Each structure stands twice: as structure tokens, then as C-alpha cells.
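Below is one structure, written out as C-alpha cells; comments come after it.
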Amino acid sequence: MALGRTYSIALVGLNGYIVEVEADIGQTLPAFVILGLPDAALNEAKERIRSAAKNSGIPLSRRKITANLIPASLPKRGSGFDLAVTMAVLRAANDIKPTGRTVFIAELGLDGRLRPVRGILPAVMASVQAGYPEVVVAQANLAEASLVPGATVRGYRTLARLALDFGADPQELALDFEPDDTDEASNGPAIPGPCPDMSDVSGQGDARRALEVAAAGAHHLLLTGPPGAGKTMLAERLPGLLPDLGDHESMEVTAIHSLCGLPSSAVQLLRRPPFENPHHSATAAAIVGGGSGLPRPGAASRAHRGVLFLDEAPEYERRVLDALRQPLESGELVIHRSAGTAAYPARFQLVLAANPCPCGKASGKGLDCTCTPMMRRRYLARMSGPLLDRVDIQLQVERVSLADFGQAGAEEDTASVARRVRDARARQVERLQCFGLETNSQVPGRILRGELRLVPAATRILDQSLERGVLTARGYDRVLRLAWTLADLGHREVPDTNDIGQALGLRQAAAAAV
């Protein structure tokens with residue numbers, strides 16, 4: 001008997017690593033040992049593999065079987081190693097021919113069927129990047145795995161059919177069981193439905209303008225106002241204003257959703273920016289990621305290249321909100337746990353919505369408000385100053401008047417606003433591509449005060465605000481980014497004094513309320 005060797009992929013976050021699977025059949029009493037830091041699901045593979053091989057007509061040897069997953073120091077988790085271990089054992093017993101550099105990623109059922117696994121897209125991407133383009137997956141994962149450029153993917157329904165293609169004796173194989181397509185559900189990414197239209201929002205001219213500016217420059221947004229003013233309606237319509245994702249961005253977003261195992265009836269790359277709206281009772285692990293073992297992505301990563309909307313933001317735990325401060329700056333979440341460290345992309349647009357006080361009636365004259373000044377301060381103080389300093393646009397949303405509410409069909413639709421957003425984004429790409437950037441929100445301060453420095457006369461009002469302590473250095477840069485976005489929307493080459501003033505107003509519009 002020879003040593004069997006196959007390959008699989010271990011995912012740590014979105015990063016995948018080639019795992020070499022060795023199998024050896026000894027001369028001692030029957031046993032099955034898996035080495036290489038397996039988790040509980042991988043340890044249970046021993047019984048799945050024995051039953052699957054027996055029911056496929058190629059029972060495993062009754063000698064001691066040792067499977068070693070290299071590198072041994074890398075934690076291995078999940079059932080996706082089932083097929084690679086099985087093929088290595090069959091090769092060690094000379095039941096199949098050498099598999100070469102083929103990577104195997106699938107779970108096994110007791111009847112020998114190949115089951116789909118989560119994260120097949122990032123796993124195949126990692127395999128191709130490591131120089132292993134030939135991949136075998138379950139049939140239900142084939143469409144998703146085939147999305148990766150450069151990959152040669154084969155999908156199988158049963159272990160018997162796979163073993164036959166790798167040289168197993170057809171006289172010994174059991175009948176190839178072909179289940180119906182309905183028996184296996186793909187775990188591909190969910191395809192979002194159509195976005196709500198901006199024409200549904202009555203009135204709110206200032207808020208609509210702020211939403212357009214936020215979409216054009218990928219800026220973060222805070223909407224403060226009484227219940228029923230339309231804060232949630234506005235936030236839900238932001239994804240419809242954003243341009244479609246490019247090939248690289250689409251692959252990133254689809255890989256994250258694949259890792260989360262979101263269901264879909266038809267697997268394809270996600271081209272529309274995602275929208276995440278977690279409930280205010282969500283924990284820090286649910287928002288930023290975490291969990292037992294290796295950390296998994298949270299809502300912030302699922303909103304990558306899209307919108308993360310936190311409605312009733314002061315109702316969230318303060319530590320949950322403050323956990324978003326780091327990804328707002330870096331666009332990445334690095335989560336450390338005892339079992340390992342995982343990094344997930346998290347470049348999202350944050351939209352916060354808040355009432356002016358716990359009862360929500362403090363807007364306007366606030367005559368009906370029953371909250372004390374201390375209650376209002378404590379309520380809004382749950383959104384910390386350092387977090388709000390990272391939010392570019394802070395707007396006070398007032399109640400809709402009866403005149404605005406009665407004008408049916410008078411508002412611009414999403415398509416009209418989205419065209420202006422696309423034009424502004426195109427101007428940004430043309431200006432910033434030499435710096436390797438795409439949107440104004442990504443421009444660092446050294447460039448804003450260097451190559452893109454404005455004349456002193458245009459920034460005088462900003463300089464005075466910084467001198468008086470009204471703005472922080474971070475706030476100074478964020479107002480400049482807003483000004484550049486306003487200039488792009490107005491088809492101006494550089495921001496003027498009016499753009500600077502409008503940008504400062506957008507940032508400080510809700511300062512009195514917060």
C-alpha cells in the first residue's frame with residue numbers, strides 16, 4: 001500500500017490556504033485517526049467517510065488509517081475536507097489513480113452523495129491564486145465555483161462517479177445514485193430584489209440632497225429627527241443611488257456572502273451594493289463578526305461595498321457602535337480570537353438614524369416632549385463623539401408638511417438622481433486614479449493638503465472653525481472631502497467658497513441636536 005496525497009483549502013477569514021492531505025494505511029487493528037488541528041466537524045468526518053465509501057461500493061481498508069492535514073499548525077474547520085480525506089485514503093489503498101494537483105472541496109453524506117459547503121467561492125479563488133486551478137466540488141456548488149476566472153471546476157453528485165473518473169474499478173462500485181436537483185440546495189449568495197424608489201419620499205428636499213451627496217462621494221450619514229419624518233425611507237433608498245459594482249468589487253462581495261452561506265436560487269456575481277439593516281438588539285459579534293472558534297463575518301462585512309444602516313442608533317450598545325470606528329477608517333475588520341485571527345473587508349457606507357430624544361418629540365418647539373435635558377443628553381451620548389467625528393454628513397430631518405405630503409409624483413425618481421451620482425463618481429475616478437483611489441471619501445489628508453490643496457481664500461472658514469475648536473483635524477479633512485463631492489456634482493474643477501460653506505453646513509446641521 002502507498003501513501004495517498006490530495007489537496008484541499010482551509011479558510012481563515014476570506015484568506016484561503018492550500019492544505020496537503022496525506023493518508024497512510026498501517027498494519028495494526030482497525031482505527032481512523034485525523035491529525036492536523038481538526039475541529040469537531042472534521043473529526044466526525046471519520047464516520048461519514050466510512051459509511052459513504054461503503055455505500056459507494058469502495059469500502060475503506062480495515063487496517064489503521066491515519067490522515068494528516070499539512071500544515072499541522074493551521075486550524076482546520078468544517079466538513080469541506082471530507083472529500084479530500086476520502087480520496088487520499090482511497091489512493092493509499094490503490095483503489096484510485098493519483099489525483100495530481102487536484103483540489104477537493106465537498107462534504108460527504110452517508111449514502112455517498114457530495115454535499116455543498118459554505119465559502120466555496122473564496123476557497124476556489126485561493127486555490128487558483130496558489131497555483132492549483134483544478135478543483136472538484138459538489139454539483140450544487142459547481143455554478144458558484146465556476147465564477148472564479150482561471151479555475152477548471154468539475155462538479156459531482158456522488159463519490160462513486162468521482163472515483164470512477166479517477167480510475168476505480170467499475171465492477172466494484174455501487175449503483176451511481178443520481179438525486180433530483182431539488183434534493184440539493186445551493187448555498188450561493190442571495191440576489192437582492194429591486195431597490196425602493198426615491199419618488200416615494202415626499203418633501204425632505206435637504207435630506208434628499210444630503211443622500212445624493214452621500215452616494216456621490218461614499219460619505220457616512222447621520223439622520224436625526226422625529227419618528228415618521230422619513231429617516232428609514234431615505235436610508236433604504238441609498239443603495240439604489242449607488243453605481244453597480246465592478247468585477248473586482250463584485251467578486252469580493254459575493255465571496256463574503258458565500259462564506260456566510262446565504263441562500264439563492266440562481267448563483268451569480270452580486271452586481272448591486274448590499275444593504276444591511278441589523279436590529280438594535282444585535283451584539284458586537286453580530287455586527288463586526290466573531291463567534292466561537294475562528295471568527296466569522298458580521299453585518300459590517302456583509303455590507304462591504306454597500307450600506308450598513310443602523311436604525312434607532314442610540315438604542316445599540318455603545319460598545320457595539322464604537323466597534324465600528326476602526327473599520328470606518330481602515331475599511332477592514334481584523335478580529336482576534338484564541339483560535340486564530342481573521343481579516344474581513346468592511347468598506348461600507350454607514351447610515352445612522354436617531355430620534356432627538358427617548359420620546360422622539362423634542363423636534364421643532366418640542367412642546368410635547370416629556371424628556372428632561374439630562375435624559376436627552378444621555379440618550380444621544382450613546383453615540384460617542386469619536387464615532388460621530390467619523391460621520392461626514394449630520395443632518396436634522398424635520399417633519400413633512402402637509403403641502404409636501406400632498407404633491408403626488410412631484411419628486412425625482414431614483415434613476416434621475418443615480419445618473420448624477422454616476423457622473424460625479426466618474427469625475428472622481430478620473431481625478432483620483434493616479435493616487436490609486438476611487439471616491440472622495442478615501443482621499444487621505446496628506447493629499448487634500450498636498451496635491452489637491454485649495455487656495456487659502458476658499459478654506460478660510462474652515463481654518464477659522466479649526467482654530468476655534470469647532471472642528472477637529474479629522475473633521476477638517478472630512479469637510480474638504482464633502483466639498484470636493486459637491487464640486488463634482490456641480491461639474492466644477494475645484495471646490496469654491498460656496499462648496500466649502502455647504503459642506504460645513506452638512507456636517508454641522510445636526511450638531512445642536514447631538
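For the C-alpha cells, the naming scheme is as follows: chains receive sequential letters (A, B, ...) according to their order of presentation, residues are indexed from 1 within each chain, and ligands are indexed from 1 in presentation order.
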
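Residue neighbourhood of Ile120 (chain A), excluding near-sequence residues (fewer than 3 positions): A:Val117, A:Ala123, A:Val124, A:Asn141, A:Ala145, A:Ser258, at 7 Å, using only C-alpha atoms.
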
Resulting file, chosen residues, N, CA and C atoms, as a PDB file, in the first residue's frame:
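Heads up, here's the output in result_39.pdb:
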ATOM      1  N   VAL A 117     -20.873  23.040   0.431  1.00  0.00           N
ATOM      2  CA  VAL A 117     -20.329  23.655   1.643  1.00  0.00           C
ATOM      3  C   VAL A 117     -20.329  25.167   1.467  1.00  0.00           C
ATOM      4  N   ALA A 123     -12.813  29.871  -1.456  1.00  0.00           N
ATOM      5  CA  ALA A 123     -11.925  28.706  -1.449  1.00  0.00           C
ATOM      6  C   ALA A 123     -11.342  28.448  -2.838  1.00  0.00           C
ATOM      7  N   VAL A 124     -12.177  28.526  -3.860  1.00  0.00           N
ATOM      8  CA  VAL A 124     -11.688  28.313  -5.229  1.00  0.00           C
ATOM      9  C   VAL A 124     -10.775  29.461  -5.649  1.00  0.00           C
ATOM     10  N   ASN A 141     -22.466  23.100  -5.835  1.00  0.00           N
ATOM     11  CA  ASN A 141     -21.538  24.235  -5.742  1.00  0.00           C
ATOM     12  C   ASN A 141     -20.896  24.583  -7.075  1.00  0.00           C
ATOM     13  N   ALA A 145     -18.681  27.962  -7.989  1.00  0.00           N
ATOM     14  CA  ALA A 145     -17.237  27.783  -8.143  1.00  0.00           C
ATOM     15  C   ALA A 145     -16.759  28.190  -9.533  1.00  0.00           C
ATOM     16  N   SER A 258     -20.938  34.246   0.140  1.00  0.00           N
ATOM     17  CA  SER A 258     -20.772  32.800   0.028  1.00  0.00           C
ATOM     18  C   SER A 258     -20.287  32.207   1.344  1.00  0.00           C
TER      19      SER A 258
END

Considering only C-alpha atoms, give me a table of residues in region 255-341 of chain A that are at most 9 Å from region 218-233 of chain A, with the closest atom pair and distance in Å for each, as a tab-separated table.
residue	atom	partner	partner_atom	distance
A:Phe309	CA	A:Thr232	CA	8.7
A:Asp311	CA	A:Thr232	CA	7.1
A:Leu328	CA	A:His220	CA	8.8

Go ahead and save the picked residues with N, CA, C and O atoms, as a compact mmCIF listing (two decimals), in the first residue's frame.
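The result, written out as again-v8.txt:
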# COMPACT_ATOMS: atom_id res chain seq x y z
N PHE A 309 -26.97 50.16 7.66
CA PHE A 309 -27.95 51.08 8.23
C PHE A 309 -28.26 50.66 9.65
O PHE A 309 -28.73 49.55 9.89
N ASP A 311 -30.67 51.70 12.35
CA ASP A 311 -31.84 52.46 12.75
C ASP A 311 -31.93 52.51 14.27
O ASP A 311 -31.54 51.55 14.94
N LEU A 328 -14.40 52.06 9.90
CA LEU A 328 -14.73 53.31 9.21
C LEU A 328 -13.47 54.00 8.69
O LEU A 328 -13.51 54.69 7.67

Quiz prompt | Ile461 (chain A) environment, 9 Å, only C-alpha atoms, sequence neighbours closer than 6 positions dropped, as a VMD selection string | solution = chain A and resid 497 500 to 501 504

Based on the selection just made, write N, CA and C atoms of those residues as an mmCIF file, in the first residue's frame.
data_model
loop_
_atom_site.group_PDB
_atom_site.id
_atom_site.type_symbol
_atom_site.label_atom_id
_atom_site.label_comp_id
_atom_site.auth_asym_id
_atom_site.auth_seq_id
_atom_site.Cartn_x
_atom_site.Cartn_y
_atom_site.Cartn_z
ATOM 1 N N THR A 497 -15.712 78.680 -2.552
ATOM 2 C CA THR A 497 -16.099 79.050 -1.192
ATOM 3 C C THR A 497 -17.503 78.577 -0.863
ATOM 4 N N ILE A 500 -17.415 74.911 0.089
ATOM 5 C CA ILE A 500 -16.887 74.743 1.439
ATOM 6 C C ILE A 500 -17.956 75.067 2.468
ATOM 7 N N GLY A 501 -18.698 76.146 2.250
ATOM 8 C CA GLY A 501 -19.751 76.523 3.184
ATOM 9 C C GLY A 501 -20.862 75.491 3.251
ATOM 10 N N LEU A 504 -19.579 72.427 5.151
ATOM 11 C CA LEU A 504 -19.543 72.671 6.588
ATOM 12 C C LEU A 504 -20.943 72.637 7.172
#

Exercise. Go through region 79-286 of chain A and collect every residue that DSSP, computed from the backbone, puts in alpha helix (DSSP H); the answer should be as an MDAnalysis selection string.
Key: chainID A and resid 82:92 120:129 142:145 159:165 205:217 231:236 238:241 247:260 284:286

Counting only C-alpha atoms, which residues of region 81-183 of chain A sit at most 8 Å from some atom of region 25-48 of chain A, and what is each one's closest atom pair with its distance in Å to one decimal, listed by chain and rising residue number, as a Markdown table?
| residue | atom | partner | partner_atom | distance |
| --- | --- | --- | --- | --- |
| A:Phe81 | CA | A:Leu42 | CA | 7.1 |
| A:Asp82 | CA | A:Ala45 | CA | 5.9 |
| A:Val89 | CA | A:Ile25 | CA | 7.7 |
| A:Ala92 | CA | A:Ile25 | CA | 6.6 |
| A:Ala93 | CA | A:Ile25 | CA | 7.2 |
| A:Leu108 | CA | A:Arg48 | CA | 6.4 |
| A:Gly109 | CA | A:Arg48 | CA | 6.5 |
| A:Leu110 | CA | A:Arg48 | CA | 5.5 |

Using all heavy atoms, can you export the residues from the last selection as a PDB file, in the first residue's frame?
ATOM      1  N   PHE A  81     -13.459  19.228   4.164  1.00  0.00           N
ATOM      2  CA  PHE A  81     -12.296  18.359   3.955  1.00  0.00           C
ATOM      3  C   PHE A  81     -12.698  16.897   3.739  1.00  0.00           C
ATOM      4  O   PHE A  81     -11.824  16.061   3.485  1.00  0.00           O
ATOM      5  CB  PHE A  81     -11.354  18.447   5.163  1.00  0.00           C
ATOM      6  CG  PHE A  81     -10.712  19.791   5.339  1.00  0.00           C
ATOM      7  CD1 PHE A  81     -11.258  20.726   6.192  1.00  0.00           C
ATOM      8  CD2 PHE A  81      -9.560  20.123   4.649  1.00  0.00           C
ATOM      9  CE1 PHE A  81     -10.676  21.970   6.366  1.00  0.00           C
ATOM     10  CE2 PHE A  81      -8.961  21.362   4.809  1.00  0.00           C
ATOM     11  CZ  PHE A  81      -9.526  22.294   5.662  1.00  0.00           C
ATOM     12  N   ASP A  82     -13.979  16.576   3.874  1.00  0.00           N
ATOM     13  CA  ASP A  82     -14.414  15.173   3.769  1.00  0.00           C
ATOM     14  C   ASP A  82     -13.906  14.517   2.495  1.00  0.00           C
ATOM     15  O   ASP A  82     -13.333  13.414   2.523  1.00  0.00           O
ATOM     16  CB  ASP A  82     -15.940  15.088   3.798  1.00  0.00           C
ATOM     17  CG  ASP A  82     -16.526  15.377   5.163  1.00  0.00           C
ATOM     18  OD1 ASP A  82     -15.759  15.767   6.061  1.00  0.00           O
ATOM     19  OD2 ASP A  82     -17.749  15.207   5.334  1.00  0.00           O
ATOM     20  N   VAL A  89      -7.343   8.517   1.193  1.00  0.00           N
ATOM     21  CA  VAL A  89      -7.404   7.155   1.740  1.00  0.00           C
ATOM     22  C   VAL A  89      -7.576   6.142   0.611  1.00  0.00           C
ATOM     23  O   VAL A  89      -6.937   5.078   0.599  1.00  0.00           O
ATOM     24  CB  VAL A  89      -8.547   7.043   2.761  1.00  0.00           C
ATOM     25  CG1 VAL A  89      -8.724   5.590   3.210  1.00  0.00           C
ATOM     26  CG2 VAL A  89      -8.270   7.939   3.967  1.00  0.00           C
ATOM     27  N   ALA A  92      -4.327   5.725  -1.059  1.00  0.00           N
ATOM     28  CA  ALA A  92      -3.397   4.935  -0.248  1.00  0.00           C
ATOM     29  C   ALA A  92      -3.683   3.451  -0.370  1.00  0.00           C
ATOM     30  O   ALA A  92      -2.766   2.626  -0.267  1.00  0.00           O
ATOM     31  CB  ALA A  92      -3.488   5.371   1.215  1.00  0.00           C
ATOM     32  N   ALA A  93      -4.929   3.085  -0.602  1.00  0.00           N
ATOM     33  CA  ALA A  93      -5.317   1.681  -0.765  1.00  0.00           C
ATOM     34  C   ALA A  93      -5.227   1.223  -2.213  1.00  0.00           C
ATOM     35  O   ALA A  93      -5.624   0.089  -2.527  1.00  0.00           O
ATOM     36  CB  ALA A  93      -6.728   1.479  -0.252  1.00  0.00           C
ATOM     37  N   LEU A 108     -19.446  14.948   2.579  1.00  0.00           N
ATOM     38  CA  LEU A 108     -19.991  13.653   2.165  1.00  0.00           C
ATOM     39  C   LEU A 108     -21.223  13.304   2.989  1.00  0.00           C
ATOM     40  O   LEU A 108     -21.260  13.506   4.207  1.00  0.00           O
ATOM     41  CB  LEU A 108     -18.950  12.548   2.340  1.00  0.00           C
ATOM     42  CG  LEU A 108     -17.847  12.465   1.287  1.00  0.00           C
ATOM     43  CD1 LEU A 108     -16.863  11.363   1.653  1.00  0.00           C
ATOM     44  CD2 LEU A 108     -18.413  12.242  -0.103  1.00  0.00           C
ATOM     45  N   GLY A 109     -22.244  12.769   2.313  1.00  0.00           N
ATOM     46  CA  GLY A 109     -23.377  12.174   3.000  1.00  0.00           C
ATOM     47  C   GLY A 109     -23.115  10.702   3.242  1.00  0.00           C
ATOM     48  O   GLY A 109     -22.239  10.092   2.614  1.00  0.00           O
ATOM     49  N   LEU A 110     -23.883  10.100   4.123  1.00  0.00           N
ATOM     50  CA  LEU A 110     -23.662   8.683   4.433  1.00  0.00           C
ATOM     51  C   LEU A 110     -23.942   7.784   3.240  1.00  0.00           C
ATOM     52  O   LEU A 110     -23.405   6.677   3.150  1.00  0.00           O
ATOM     53  CB  LEU A 110     -24.562   8.267   5.610  1.00  0.00           C
ATOM     54  CG  LEU A 110     -24.315   8.981   6.940  1.00  0.00           C
ATOM     55  CD1 LEU A 110     -25.220   8.406   8.018  1.00  0.00           C
ATOM     56  CD2 LEU A 110     -22.844   8.872   7.362  1.00  0.00           C
TER      57      LEU A 110
END

Hey, which bits of region 22-110 of chain A sit within 8 Å of region 170-174 of chain A, and for each residue what's the closest pair of atoms and how far apart in Å (one decimal), counting only C-alpha atoms, rows by chain and increasing number, as a tab-separated table?
residue	atom	partner	partner_atom	distance
A:Asn55	CA	A:Ala174	CA	6.9
A:Ser56	CA	A:Ala174	CA	4.9
A:Gly57	CA	A:Leu173	CA	4.2
A:Ile58	CA	A:Leu173	CA	6.1

Quiz item: If you run DSSP on the backbone, which residues of region 247-440 of chain A are strand (DSSP E or B), as an MDAnalysis selection string?
Solution: chainID A and resid 275:276 290 296 307:310 332:337 340:345 349:354 393:396

Quiz prompt | Residues near Ser416 (chain A), cut-off 12 Å, only C-alpha atoms, skip fewer than 6 positions along chain, as a list of chain:residue names | solution = A:Asp197, A:Met198, A:Ser199, A:Glu212, A:Gly240, A:Leu241, A:Arg422, A:Asp423

Can you list, as an mmCIF file with N, CA and C atoms, in the first residue's frame, every protein, DNA or RNA residue that comes within 12 Å of Arg161 (chain A) when you count only C-alpha atoms, leaving out same-chain residues fewer than 3 positions away?
data_model
loop_
_atom_site.group_PDB
_atom_site.id
_atom_site.type_symbol
_atom_site.label_atom_id
_atom_site.label_comp_id
_atom_site.auth_asym_id
_atom_site.auth_seq_id
_atom_site.Cartn_x
_atom_site.Cartn_y
_atom_site.Cartn_z
ATOM 1 N N ALA A 53 -18.020 5.629 1.740
ATOM 2 C CA ALA A 53 -17.222 4.728 0.918
ATOM 3 C C ALA A 53 -17.881 3.355 0.801
ATOM 4 N N SER A 56 -20.844 3.426 -1.468
ATOM 5 C CA SER A 56 -20.460 3.685 -2.851
ATOM 6 C C SER A 56 -19.802 2.477 -3.498
ATOM 7 N N GLY A 57 -19.625 1.419 -2.736
ATOM 8 C CA GLY A 57 -19.041 0.201 -3.284
ATOM 9 C C GLY A 57 -17.539 0.121 -3.197
ATOM 10 N N ILE A 58 -16.902 1.050 -2.487
ATOM 11 C CA ILE A 58 -15.438 1.036 -2.340
ATOM 12 C C ILE A 58 -15.112 1.175 -0.858
ATOM 13 N N ILE A 96 -7.819 4.025 -6.403
ATOM 14 C CA ILE A 96 -7.917 5.003 -7.482
ATOM 15 C C ILE A 96 -6.507 5.370 -7.932
ATOM 16 N N GLY A 112 -23.076 8.457 0.215
ATOM 17 C CA GLY A 112 -22.078 8.677 -0.819
ATOM 18 C C GLY A 112 -22.302 9.917 -1.663
ATOM 19 N N ARG A 113 -23.341 10.678 -1.375
ATOM 20 C CA ARG A 113 -23.575 11.903 -2.132
ATOM 21 C C ARG A 113 -22.625 13.012 -1.683
ATOM 22 N N LEU A 114 -22.273 13.883 -2.608
ATOM 23 C CA LEU A 114 -21.445 15.041 -2.309
ATOM 24 C C LEU A 114 -22.356 16.222 -1.984
ATOM 25 N N ALA A 138 -18.930 19.677 -5.043
ATOM 26 C CA ALA A 138 -20.251 19.073 -5.185
ATOM 27 C C ALA A 138 -21.000 19.745 -6.333
ATOM 28 N N GLN A 139 -21.888 18.994 -6.978
ATOM 29 C CA GLN A 139 -22.624 19.529 -8.111
ATOM 30 C C GLN A 139 -23.379 20.808 -7.742
ATOM 31 N N ARG A 154 -14.878 20.910 -11.738
ATOM 32 C CA ARG A 154 -15.759 19.783 -12.070
ATOM 33 C C ARG A 154 -16.696 19.528 -10.894
ATOM 34 N N GLY A 155 -17.953 19.307 -11.189
ATOM 35 C CA GLY A 155 -18.935 19.040 -10.160
ATOM 36 C C GLY A 155 -19.431 17.602 -10.222
ATOM 37 N N TYR A 156 -19.569 16.961 -9.063
ATOM 38 C CA TYR A 156 -20.035 15.574 -8.986
ATOM 39 C C TYR A 156 -21.167 15.477 -7.972
ATOM 40 N N ARG A 157 -22.049 14.539 -8.240
ATOM 41 C CA ARG A 157 -23.144 14.281 -7.311
ATOM 42 C C ARG A 157 -22.804 13.187 -6.303
ATOM 43 N N THR A 158 -21.987 12.192 -6.727
ATOM 44 C CA THR A 158 -21.722 11.055 -5.856
ATOM 45 C C THR A 158 -20.237 10.714 -5.839
ATOM 46 N N LEU A 164 -14.892 6.656 -10.091
ATOM 47 C CA LEU A 164 -14.824 6.042 -11.410
ATOM 48 C C LEU A 164 -13.956 6.874 -12.352
ATOM 49 N N ASP A 165 -14.127 8.205 -12.311
ATOM 50 C CA ASP A 165 -13.341 9.075 -13.188
ATOM 51 C C ASP A 165 -11.870 9.101 -12.801
ATOM 52 N N PHE A 166 -11.555 8.713 -11.569
ATOM 53 C CA PHE A 166 -10.156 8.667 -11.128
ATOM 54 C C PHE A 166 -9.613 7.248 -11.103
ATOM 55 N N GLY A 167 -10.231 6.363 -11.873
ATOM 56 C CA GLY A 167 -9.635 5.054 -12.110
ATOM 57 C C GLY A 167 -10.111 3.922 -11.237
ATOM 58 N N ALA A 168 -11.184 4.067 -10.488
ATOM 59 C CA ALA A 168 -11.688 2.963 -9.675
ATOM 60 C C ALA A 168 -12.277 1.879 -10.574
ATOM 61 N N ASP A 169 -12.284 0.653 -10.067
ATOM 62 C CA ASP A 169 -12.809 -0.482 -10.823
ATOM 63 C C ASP A 169 -14.333 -0.372 -10.898
ATOM 64 N N PRO A 170 -14.888 -0.216 -12.095
ATOM 65 C CA PRO A 170 -16.351 -0.057 -12.193
ATOM 66 C C PRO A 170 -17.124 -1.296 -11.744
ATOM 67 N N LEU A 173 -17.933 -0.793 -7.934
ATOM 68 C CA LEU A 173 -18.689 0.365 -7.483
ATOM 69 C C LEU A 173 -20.166 0.055 -7.360
ATOM 70 N N ALA A 174 -20.805 0.698 -6.371
ATOM 71 C CA ALA A 174 -22.248 0.561 -6.226
ATOM 72 C C ALA A 174 -22.942 1.378 -7.299
ATOM 73 N N LEU A 175 -24.257 1.176 -7.427
ATOM 74 C CA LEU A 175 -25.046 1.924 -8.393
ATOM 75 C C LEU A 175 -24.902 3.419 -8.124
ATOM 76 N N ASP A 176 -24.602 4.188 -9.187
ATOM 77 C CA ASP A 176 -24.421 5.629 -9.047
ATOM 78 C C ASP A 176 -25.775 6.280 -8.799
ATOM 79 N N PHE A 177 -26.006 6.730 -7.599
ATOM 80 C CA PHE A 177 -27.284 7.329 -7.211
ATOM 81 C C PHE A 177 -27.333 8.771 -7.690
ATOM 82 N N GLU A 178 -28.287 9.084 -8.561
ATOM 83 C CA GLU A 178 -28.422 10.430 -9.095
ATOM 84 C C GLU A 178 -29.669 11.071 -8.511
#

Quiz item: Pick from A:Met251, A:Leu321, A:Leu121, A:Leu147: nearest to Pro386 (chain A), with only C-alpha atoms counted?
Solution: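 Checking each candidate against Pro386 (chain A), we get A:Leu321 as the closest.
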
Self-check item: Polymer residues at most 8 Å from region 442-450 of chain A, only C-alpha atoms, same-chain spacing of 3 or more positions, as a VMD selection string
Solution: chain A and resid 437 to 439 453 to 454 477 480 to 481

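Distance annotation: of A:Pro358, A:Gly291, A:Gly490, A:Gly505, the residue with the minimal separation from Ser465 (chain A) is A:Gly505; atom set is only C-alpha atoms.
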
Quiz item: Which residue out of A:Ala282, A:Ala354, A:Val21, A:Leu259 has the minimum interatomic distance to Glu144 (chain A) when only C-alpha atoms are used?
Solution: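 For Glu144 (chain A), the nearest of the given residues is A:Leu259.
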
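Minimum atom-to-atom distances from A:Pro149, A:Leu310, A:Thr254, A:Ala299 to His280 (chain A) were compared using only C-alpha atoms, and the lowest value belongs to A:Leu310.
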
Practice problem: Record the distance separating CA of Leu452 (chain A) and CA of Val470 (chain A), expressed in Å with one decimal. | Solution: 23.2 Å

Quiz prompt | Coordinates-based distance that separates CA of Ala418 (chain A) from CA of Ala503 (chain A) (Å, one decimal) | solution = 20.3 Å

Quiz item: For the atom pair CA of Ile18 (chain A) and CA of Pro327 (chain A), what is the interatomic distance in Å to one decimal place?
Solution: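 A separation of 28.3 Å between them.
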